[in-house]
Amino acid sequence: MDEFAKVIFDGKTFNLPIVTGSEGEKAIDIRMLRQKTGLITYDPGFGSTGSCKSAVTFMDGEKGILRYRGISIEQLAKHSTFVETAYLLINGELPTYSELNKIRVQLNDYSLVHEDMQVFFQNFPRFSNPMGILSTMVNALRSFYPVLDDVEESINSTMLRLLSKVRTLAAMSYKISRGHKVVYPRQDCTYCANFLNMMFDTPVRPYILDEDVVKALNLFWILHADHEQNCSTSAVRVVGSGKVNLYAAISAGICALWGPLHGGANQAVIEMLSDIHKDGGDIDNVVARAKDRNDSFRLMGFGHRVYKTYDPRAIIMKKACDKILSKMKINDPLLDIALKLEEVALKDPYFIDHNLYPNIDFYSGIVLRTIGIPTNMFTVMFAIGRLPGWITQWKESIDDPDWRISRPRQLYTGLKEKKYISIEDRK
Ligand code: CMC
């Protein structure tokens, strides 16, 4: 039976249809609201707004569930690789052997970037932020690799090109920022191993690949691969809705990810833990500051718009953190501080009442540090991981029969009409 929500306004009743998702989630379809009633909705930050229908990722923030294309994040973390997960997201199904081999070969084939792009890198001022560089370079790819005539073929090759080249660009930016020679991708390496080799191999000290480090990176990227309509994915969809090219939409996503409340949180967590360490480990002071309404400080790596329990990715990341630290025989004081901070915060009534739990970024920085990634590259690492999600969501949006250019309304609160006063008469 069709369900409706009733809106009673101005003495009249309007029926708005209820739509139901495959996991039973219900939403009011308000598309006709303004036309029928003259009303718009007001929802800053979009906490109660579904911006699209999507068959990609399912999240249940109350139960701490995350699934890509129906498969739980726990199973993917245990059994999959990043490339396989990217394939799953983009194509909707896990690949067969031959499909997986094909995409591996294609990713290798696309892995080089135009030599002239190095000139761009060389001219960024020293100490430029790698996220700014990455978004610029991704946008610049459009000039180096123009679209093909066949739309479908063009979309497929652009998606593969992005997946492969963003990894090369990220490693190049690191090498150039250090004044080192760029390392080219290798045909004999897997996706993650190739990235590590491009980052850390040098002419004087060959990089020795460690399977556990490769596994840790695979896991890091699987956990970041998609997260439904978060800030950067929404940016990709909104910018993409203007029918801009995919490079520009992804570049917008990278910019959106940059902020400390979103992808930049992994770097902010490490900086916060390092500050606590330098200040002698005063955790109570940090927790007190986070609770103080007059202090803008927040506990980085805590809280989430959707999760009102543990972020399931944080649970997996915490285990990976323990594993990689013990394998590398590293005793990281920041992990001890993180564990103490988590313990204190989780017992504190403020954090309990506000449903604030560690999110993925609380532990991911420690994993990245352990495998040698410099702190200013952390958010770039998140961007590489989120790329399959951005691409998938962009593709879903352009294929959506309900697609329209994104154009929210507003509630105007400014001045009523007033007269223009010529400059001589202004007080
Ligand atoms: N520390 C202290 N208080 C917090 C925190 C925090 N980390 N997060 C939320 N709160 C409080 C906030 O002050 C507010 O309190 P009150 O209702 O008393 O005014 C309440 O909790 C609700 O906060 P909000 O800002 O309305 O929540 P939001 O859903 O808009 O923000 C968030 C979500 C992730 C931006 C926020 O929790 C935050 O700033 N966390 C720290 C940054 C962080 O770790 N970001 C990574 C998110 S996970 C990776 C990703 O997907 O991007």
# chains A, B, ... in the order shown; residues from 1 in each chain; ligands from 1
call {"tool": "closest_atom_pairs", "arguments": {"of": "chain A", "to": "ligand 1", "cutoff": "9 Å", "atoms": "only C-alpha atoms and all ligand atoms", "output": "Markdown table"}}
result
| residue | atom | partner | partner_atom_place_in_ligand_line | distance |
| --- | --- | --- | --- | --- |
| A:Gly45 | CA | ligand 1 | 30 (O) | 7.0 |
| A:Gly47 | CA | ligand 1 | 29 (O) | 7.6 |
| A:His224 | CA | ligand 1 | 51 (O) | 8.4 |
| A:His227 | CA | ligand 1 | 51 (O) | 7.0 |
| A:Asn230 | CA | ligand 1 | 51 (O) | 6.5 |
| A:Cys231 | CA | ligand 1 | 52 (O) | 7.4 |
| A:Ser232 | CA | ligand 1 | 52 (O) | 8.3 |
| A:Leu257 | CA | ligand 1 | 52 (O) | 7.3 |
| A:Gly259 | CA | ligand 1 | 52 (O) | 8.8 |
| A:Pro260 | CA | ligand 1 | 42 (C) | 6.3 |
| A:Leu261 | CA | ligand 1 | 45 (N) | 4.1 |
| A:His262 | CA | ligand 1 | 52 (O) | 3.4 |
| A:Gly263 | CA | ligand 1 | 52 (O) | 4.8 |
| A:Gly264 | CA | ligand 1 | 46 (C) | 7.6 |
| A:Ala265 | CA | ligand 1 | 45 (N) | 4.9 |
| A:Asn266 | CA | ligand 1 | 46 (C) | 7.4 |
| A:Ala268 | CA | ligand 1 | 42 (C) | 8.2 |
| A:Val269 | CA | ligand 1 | 44 (O) | 7.5 |
| A:Val287 | CA | ligand 1 | 2 (C) | 8.1 |
| A:Arg289 | CA | ligand 1 | 2 (C) | 8.3 |
| A:Ala290 | CA | ligand 1 | 2 (C) | 4.6 |
| A:Lys291 | CA | ligand 1 | 2 (C) | 5.8 |
| A:Asp292 | CA | ligand 1 | 2 (C) | 8.4 |
| A:Arg293 | CA | ligand 1 | 13 (O) | 7.2 |
| A:Ser296 | CA | ligand 1 | 13 (O) | 8.5 |
| A:Phe297 | CA | ligand 1 | 1 (N) | 7.2 |
| A:Arg298 | CA | ligand 1 | 1 (N) | 3.7 |
| A:Leu299 | CA | ligand 1 | 1 (N) | 4.0 |
| A:Met300 | CA | ligand 1 | 41 (C) | 4.3 |
| A:Gly301 | CA | ligand 1 | 44 (O) | 3.3 |
| A:Phe302 | CA | ligand 1 | 7 (N) | 4.2 |
| A:Gly303 | CA | ligand 1 | 37 (O) | 3.5 |
| A:His304 | CA | ligand 1 | 34 (C) | 4.0 |
| A:Arg305 | CA | ligand 1 | 29 (O) | 3.3 |
| A:Val306 | CA | ligand 1 | 29 (O) | 6.9 |
| A:Tyr307 | CA | ligand 1 | 29 (O) | 8.9 |
| A:Asp311 | CA | ligand 1 | 48 (S) | 8.3 |
| A:Tyr350 | CA | ligand 1 | 3 (N) | 8.2 |
| A:Phe351 | CA | ligand 1 | 3 (N) | 7.4 |
| A:Asp353 | CA | ligand 1 | 21 (O) | 8.9 |
| A:His354 | CA | ligand 1 | 21 (O) | 5.3 |
| A:Asn355 | CA | ligand 1 | 21 (O) | 7.7 |
| A:Leu356 | CA | ligand 1 | 8 (N) | 6.4 |
| A:Tyr357 | CA | ligand 1 | 7 (N) | 8.6 |
| A:Pro358 | CA | ligand 1 | 44 (O) | 7.7 |
| A:Asn359 | CA | ligand 1 | 48 (S) | 5.2 |
| A:Ile360 | CA | ligand 1 | 48 (S) | 5.9 |
| A:Asp361 | CA | ligand 1 | 49 (C) | 6.0 |
| A:Phe362 | CA | ligand 1 | 44 (O) | 7.1 |
call {"tool": "residues_around", "arguments": {"residues": "range 31-40 of chain A", "least_positions_apart": "5", "cutoff": "10 Å", "atoms": "only C-alpha atoms", "output": "PyMOL selection string"}}
result
chain A and resi 7-10+12-17+408-411
call {"tool": "atom_distance", "arguments": {"atom1": "CA of Cys192 in chain A", "atom2": "CA of Val236 in chain A"}}
result
24.4 Å
call {"tool": "select_by_dssp", "arguments": {"residues": "range 169-198 of chain A", "states": "helix (DSSP H, G or I)", "output": "short mmCIF file (atom, residue, chain, number, x, y, z; two decimals) with all heavy atoms, in the first residue's frame"}}
result
data_model
loop_
_atom_site.label_atom_id
_atom_site.label_comp_id
_atom_site.auth_asym_id
_atom_site.auth_seq_id
_atom_site.Cartn_x
_atom_site.Cartn_y
_atom_site.Cartn_z
N LEU A 169 50.72 10.39 -9.51
CA LEU A 169 50.87 11.84 -9.23
C LEU A 169 51.19 12.07 -7.75
O LEU A 169 52.01 12.92 -7.41
CB LEU A 169 49.57 12.58 -9.59
CG LEU A 169 49.25 12.72 -11.07
CD1 LEU A 169 47.85 13.28 -11.27
CD2 LEU A 169 50.27 13.63 -11.76
N ALA A 170 50.51 11.31 -6.88
CA ALA A 170 50.74 11.49 -5.44
C ALA A 170 52.19 11.17 -5.08
O ALA A 170 52.85 11.93 -4.36
CB ALA A 170 49.78 10.61 -4.65
N ALA A 171 52.68 10.05 -5.61
CA ALA A 171 54.07 9.67 -5.30
C ALA A 171 55.05 10.68 -5.91
O ALA A 171 56.05 11.05 -5.27
CB ALA A 171 54.34 8.26 -5.82
N MET A 172 54.73 11.15 -7.12
CA MET A 172 55.60 12.15 -7.76
C MET A 172 55.68 13.41 -6.92
O MET A 172 56.76 14.00 -6.74
CB MET A 172 55.02 12.55 -9.12
CG MET A 172 55.58 11.81 -10.30
SD MET A 172 54.57 12.14 -11.77
CE MET A 172 55.30 13.61 -12.37
N SER A 173 54.54 13.84 -6.39
CA SER A 173 54.52 15.10 -5.63
C SER A 173 55.41 14.96 -4.40
O SER A 173 56.12 15.89 -4.02
CB SER A 173 53.10 15.51 -5.23
OG SER A 173 52.61 14.65 -4.25
N TYR A 174 55.41 13.77 -3.81
CA TYR A 174 56.24 13.55 -2.63
C TYR A 174 57.72 13.61 -3.00
O TYR A 174 58.53 14.28 -2.35
CB TYR A 174 55.88 12.20 -1.99
CG TYR A 174 56.83 11.81 -0.88
CD1 TYR A 174 56.92 12.58 0.28
CD2 TYR A 174 57.61 10.66 -0.97
CE1 TYR A 174 57.79 12.23 1.30
CE2 TYR A 174 58.48 10.30 0.04
CZ TYR A 174 58.57 11.09 1.18
OH TYR A 174 59.43 10.74 2.19
N LYS A 175 58.07 12.90 -4.07
CA LYS A 175 59.47 12.86 -4.51
C LYS A 175 59.96 14.27 -4.84
O LYS A 175 61.04 14.68 -4.42
CB LYS A 175 59.61 11.98 -5.76
CG LYS A 175 59.61 10.50 -5.45
CD LYS A 175 60.88 10.13 -4.72
CE LYS A 175 61.02 8.64 -4.52
NZ LYS A 175 62.04 8.32 -3.52
N ILE A 176 59.16 15.00 -5.59
CA ILE A 176 59.60 16.34 -6.02
C ILE A 176 59.70 17.28 -4.81
O ILE A 176 60.63 18.07 -4.70
CB ILE A 176 58.68 16.88 -7.13
CG1 ILE A 176 58.94 16.05 -8.40
CG2 ILE A 176 58.94 18.36 -7.41
CD1 ILE A 176 58.01 16.27 -9.54
N SER A 177 58.75 17.13 -3.86
CA SER A 177 58.81 17.99 -2.67
C SER A 177 60.10 17.74 -1.88
O SER A 177 60.59 18.62 -1.18
CB SER A 177 57.60 17.77 -1.77
OG SER A 177 57.73 16.54 -1.10
N TYR A 191 49.11 -2.85 -7.37
CA TYR A 191 48.75 -1.44 -7.23
C TYR A 191 49.39 -0.79 -6.00
O TYR A 191 50.05 0.25 -6.10
CB TYR A 191 47.21 -1.34 -7.15
CG TYR A 191 46.67 0.06 -7.19
CD1 TYR A 191 46.27 0.62 -8.40
CD2 TYR A 191 46.52 0.83 -6.03
CE1 TYR A 191 45.75 1.90 -8.46
CE2 TYR A 191 46.00 2.11 -6.07
CZ TYR A 191 45.62 2.64 -7.30
OH TYR A 191 45.10 3.91 -7.34
N CYS A 192 49.22 -1.43 -4.84
CA CYS A 192 49.73 -0.82 -3.61
C CYS A 192 51.25 -0.88 -3.55
O CYS A 192 51.91 0.07 -3.13
CB CYS A 192 49.15 -1.54 -2.38
SG CYS A 192 47.40 -1.28 -2.22
N ALA A 193 51.82 -2.02 -3.98
CA ALA A 193 53.28 -2.17 -3.96
C ALA A 193 53.92 -1.13 -4.87
O ALA A 193 54.94 -0.53 -4.53
CB ALA A 193 53.66 -3.58 -4.40
N ASN A 194 53.29 -0.90 -6.01
CA ASN A 194 53.79 0.08 -6.96
C ASN A 194 53.85 1.47 -6.33
O ASN A 194 54.83 2.21 -6.48
CB ASN A 194 52.83 0.13 -8.16
CG ASN A 194 53.59 0.17 -9.46
OD1 ASN A 194 54.70 0.68 -9.54
ND2 ASN A 194 52.98 -0.38 -10.49
N PHE A 195 52.79 1.81 -5.61
CA PHE A 195 52.77 3.13 -4.96
C PHE A 195 53.90 3.24 -3.94
O PHE A 195 54.63 4.24 -3.92
CB PHE A 195 51.41 3.36 -4.27
CG PHE A 195 51.39 4.62 -3.47
CD1 PHE A 195 51.25 5.85 -4.09
CD2 PHE A 195 51.53 4.59 -2.08
CE1 PHE A 195 51.25 7.03 -3.36
CE2 PHE A 195 51.53 5.77 -1.33
CZ PHE A 195 51.38 6.99 -1.97
N LEU A 196 54.04 2.22 -3.11
CA LEU A 196 55.09 2.26 -2.07
C LEU A 196 56.47 2.39 -2.72
O LEU A 196 57.33 3.14 -2.25
CB LEU A 196 55.02 1.01 -1.20
CG LEU A 196 53.80 0.93 -0.27
CD1 LEU A 196 53.62 -0.48 0.26
CD2 LEU A 196 53.93 1.93 0.88
N ASN A 197 56.65 1.64 -3.82
CA ASN A 197 57.95 1.70 -4.49
C ASN A 197 58.19 3.08 -5.08
O ASN A 197 59.31 3.63 -4.99
CB ASN A 197 58.00 0.62 -5.59
CG ASN A 197 59.40 0.47 -6.12
OD1 ASN A 197 60.31 0.09 -5.39
ND2 ASN A 197 59.60 0.82 -7.39
N MET A 198 57.16 3.67 -5.67
CA MET A 198 57.33 5.03 -6.25
C MET A 198 57.61 6.05 -5.15
O MET A 198 58.28 7.05 -5.38
CB MET A 198 56.09 5.44 -7.04
CG MET A 198 55.97 4.75 -8.38
SD MET A 198 54.67 5.49 -9.38
CE MET A 198 53.20 4.72 -8.75
#
call {"tool": "atom_distance", "arguments": {"atom1": "CA of Asp402 in chain A", "atom2": "CA of Ser51 in chain A"}}
result
10.9 Å
call {"tool": "select_by_dssp", "arguments": {"residues": "range 37-250 of chain A", "states": "strand (DSSP E or B)", "output": "JSON, numbers by chain"}}
result
{"A": [57, 58, 59, 60, 65, 66, 67, 68, 71, 72]}
call {"tool": "residues_around", "arguments": {"residues": "Val56 in chain A", "least_positions_apart": "5", "cutoff": "12 Å", "atoms": "only C-alpha atoms", "output": "number ranges by chain"}}
result
A: 22, 66-71, 85-86, 88-93, 225-229, 388-397
